[in-house]
Amino acid sequence: MLVDSKQLWLWWSILLFVGVYSTPILNFEYHNYSALSQYLHNMATAYPNMTRLYSIGETLRKHKLWVLELSTAPKSSFGIPSVKLIANIHGNEAAGREILLHLIQFFVTNYTNDETVHWLLENTRIHVLPSLNPDGFEISVEGKCEIGPGRENARFVDLNRSFPDHFQSNTKPRQYETQAIEDWLSNNTFVLSASLHGGALVANYPYENVMENTWDAAYRLLNTSELSNKMSPWSHLPPADMREPYPPSISPDDDVFQHLAVVYASTHPTMHFGYPCNRMDREFQGGITNGAAWYPLTGGMQDYNYIYHGCMEITLEISCCKYPLTHDLPTLWDDNRDALLKYISQAHQGVRGVIRDNNTHQPVLTSGLKIEGRDSYFRTSSRGEFWRILLPGTYQLQVQATGYEPQTIKFTVPQKRLEKHLTPTWLDVNMPPVVRKATVVSDQVLLPTNPPDEASTVHYTATQKMFLHWKYDTENERDNRNIHDNNRRTYHNKYM
Ligand SMILES: [Zn+2]
């Protein structure tokens, strides 16, 4: 059937109308819980082929912790890395929440016309949690740039001090929100993560805590009524440039973390200048800082991701004002858009592959993966896939799995090639099963067994190693660290 030009125009008009009105409109304004939920549902409905909406839990106030997954990679595709972006863990640090909503819109509306967006969606699973603390946000106040209501959750608990801590015991009771994150991390294998905060302009990387509990005095000082009665809790401190910086707490993947922080800070138009937001902060060289070197904290989400789940997370302080005015949102989005895209793409830097049984070719699941020389373990997905972000160089992957001979595989991550996008080195690892035979140890006879929880066994070993390493360091550096003790006593919780 021939269609004349009038009919064609009519059909185009109808398609255009449907297209425009099926895309949820996102204005530059703050969205409360119900508006945020509605927007995410609308997005999931309008873009079913590139989004998946799910909740990882519920808060005390019965607000769901919504996650929108963005990807066009088929579920069956192997080796697709998962990245997560989290905002608003501190309910009054609100800009990140809106930036992530705009990031969602940017991805789904630019899939066909932006080559980078298209490539990232085809090759990455991007999980976006715009608000980890919706209860806190609901009582926060726009325009409150420093301390204000809503930082904590509905139980008045700071969520970014409530995670299990490797370095110091954390007695804070588990919260709904932190438990949801723990379950989320246990059920998924995330490669890369970022948590968006406000109150400073810097990319902060692990570790954010130190082994010895030398910060107690400072915490006690902070909690005294004398301090809390003052207008500003750190008004008694000397200016930042008159204090020595705290010693950094170096992780085994410090080179990678510094790289990730630099990628973000250097892509952001002003973060890399490293200017302090207030007189109590020092300048951040290149706009990045080791977490503990800025100020150490216990129970943070960043160290928890890395140490307990092998996920590399950094903390992004994206605005000097914690809850900027609405009219600042367009600039904040512009400042962070490209930095976020470039940061997400780092999940494709390094090595990835799959671990299989040499005989059956079935996937082998283990958390006994490490890069030689780096005392930091990571684990496979439920399909035997693994990912690790590494800078160019030659490495050895060490694989331990119960019932298999340990394997060490040498590989190279090449310098950036000519291709536009990062391409990781792919490794197929075939694990030869252990030949069952009796082993005599003193008067006991042990048979190789398959303990049900190999993952936690191996991780425990790694954690113990790290613990010993830190104890050794601490003893050696004690004299050095004592020099800093006076500074520590004036340690101030920056409420970041
Ligand atoms: Zn914060």
# chains A, B, ... in the order shown; residues from 1 in each chain; ligands from 1
call {"tool": "residues_around", "arguments": {"residues": "Ile104 (chain A)", "least_positions_apart": "2", "cutoff": "10 Å", "atoms": "only C-alpha atoms", "output": "ChimeraX atom specification"}}
result
/A:40,43,51,68-70,98-102,106-109,126-128,130
call {"tool": "residues_near_ligand", "arguments": {"ligand": "ligand 1", "cutoff": "10 Å", "atoms": "only C-alpha atoms and all ligand atoms", "output": "JSON, numbers by chain"}}
result
{"A": [87, 88, 89, 90, 91, 92, 93, 94, 151, 152, 158, 159, 160, 195, 196, 197, 198, 199, 200, 315, 316, 317, 318, 322, 494, 495, 496]}
call {"tool": "closest_atom_pairs", "arguments": {"of": "region 234-332 of chain A", "to": "region 384-387 of chain A", "cutoff": "12 Å", "atoms": "only C-alpha atoms", "output": "Markdown table"}}
result
| residue | atom | partner | partner_atom | distance |
| --- | --- | --- | --- | --- |
| A:Gly310 | CA | A:Trp387 | CA | 9.8 |
| A:Cys311 | CA | A:Trp387 | CA | 9.7 |
| A:Met312 | CA | A:Trp387 | CA | 10.9 |
call {"tool": "residues_around", "arguments": {"residues": "Ser249 (chain A)", "least_positions_apart": "5", "cutoff": "8 Å", "atoms": "only C-alpha atoms", "output": "PDB file with N, CA and C atoms, in the first residue's frame"}}
result
ATOM      1  N   PRO A 206      40.556   4.825  49.655  1.00  0.00           N
ATOM      2  CA  PRO A 206      40.933   4.012  50.831  1.00  0.00           C
ATOM      3  C   PRO A 206      42.442   4.039  51.117  1.00  0.00           C
ATOM      4  N   TYR A 207      42.812   3.652  52.325  1.00  0.00           N
ATOM      5  CA  TYR A 207      41.912   3.359  53.439  1.00  0.00           C
ATOM      6  C   TYR A 207      41.462   4.654  54.103  1.00  0.00           C
ATOM      7  N   GLU A 208      40.312   4.543  54.794  1.00  0.00           N
ATOM      8  CA  GLU A 208      39.860   5.707  55.549  1.00  0.00           C
ATOM      9  C   GLU A 208      39.995   5.470  57.048  1.00  0.00           C
ATOM     10  N   ASN A 209      40.569   4.328  57.428  1.00  0.00           N
ATOM     11  CA  ASN A 209      40.782   4.083  58.856  1.00  0.00           C
ATOM     12  C   ASN A 209      42.183   3.527  59.067  1.00  0.00           C
ATOM     13  N   VAL A 210      42.610   3.514  60.318  1.00  0.00           N
ATOM     14  CA  VAL A 210      43.919   2.971  60.679  1.00  0.00           C
ATOM     15  C   VAL A 210      43.718   1.931  61.764  1.00  0.00           C
ATOM     16  N   ASN A 290      43.987  10.589  50.332  1.00  0.00           N
ATOM     17  CA  ASN A 290      43.787   9.333  51.053  1.00  0.00           C
ATOM     18  C   ASN A 290      42.811   9.638  52.194  1.00  0.00           C
ATOM     19  N   GLY A 291      41.865   8.722  52.424  1.00  0.00           N
ATOM     20  CA  GLY A 291      40.819   8.986  53.409  1.00  0.00           C
ATOM     21  C   GLY A 291      41.363   9.279  54.796  1.00  0.00           C
ATOM     22  N   ALA A 292      42.238   8.415  55.302  1.00  0.00           N
ATOM     23  CA  ALA A 292      42.767   8.602  56.656  1.00  0.00           C
ATOM     24  C   ALA A 292      43.669   9.819  56.745  1.00  0.00           C
ATOM     25  N   ALA A 293      44.315  10.180  55.640  1.00  0.00           N
ATOM     26  CA  ALA A 293      45.188  11.359  55.657  1.00  0.00           C
ATOM     27  C   ALA A 293      44.370  12.633  55.816  1.00  0.00           C
TER      28      ALA A 293
END
call {"tool": "select_by_dssp", "arguments": {"residues": "region 195-406 of chain A", "states": "alpha helix (DSSP H)", "output": "PyMOL selection string"}}
result
chain A and resi 216-223+225-228+254-267+291-294+301-309+329-345
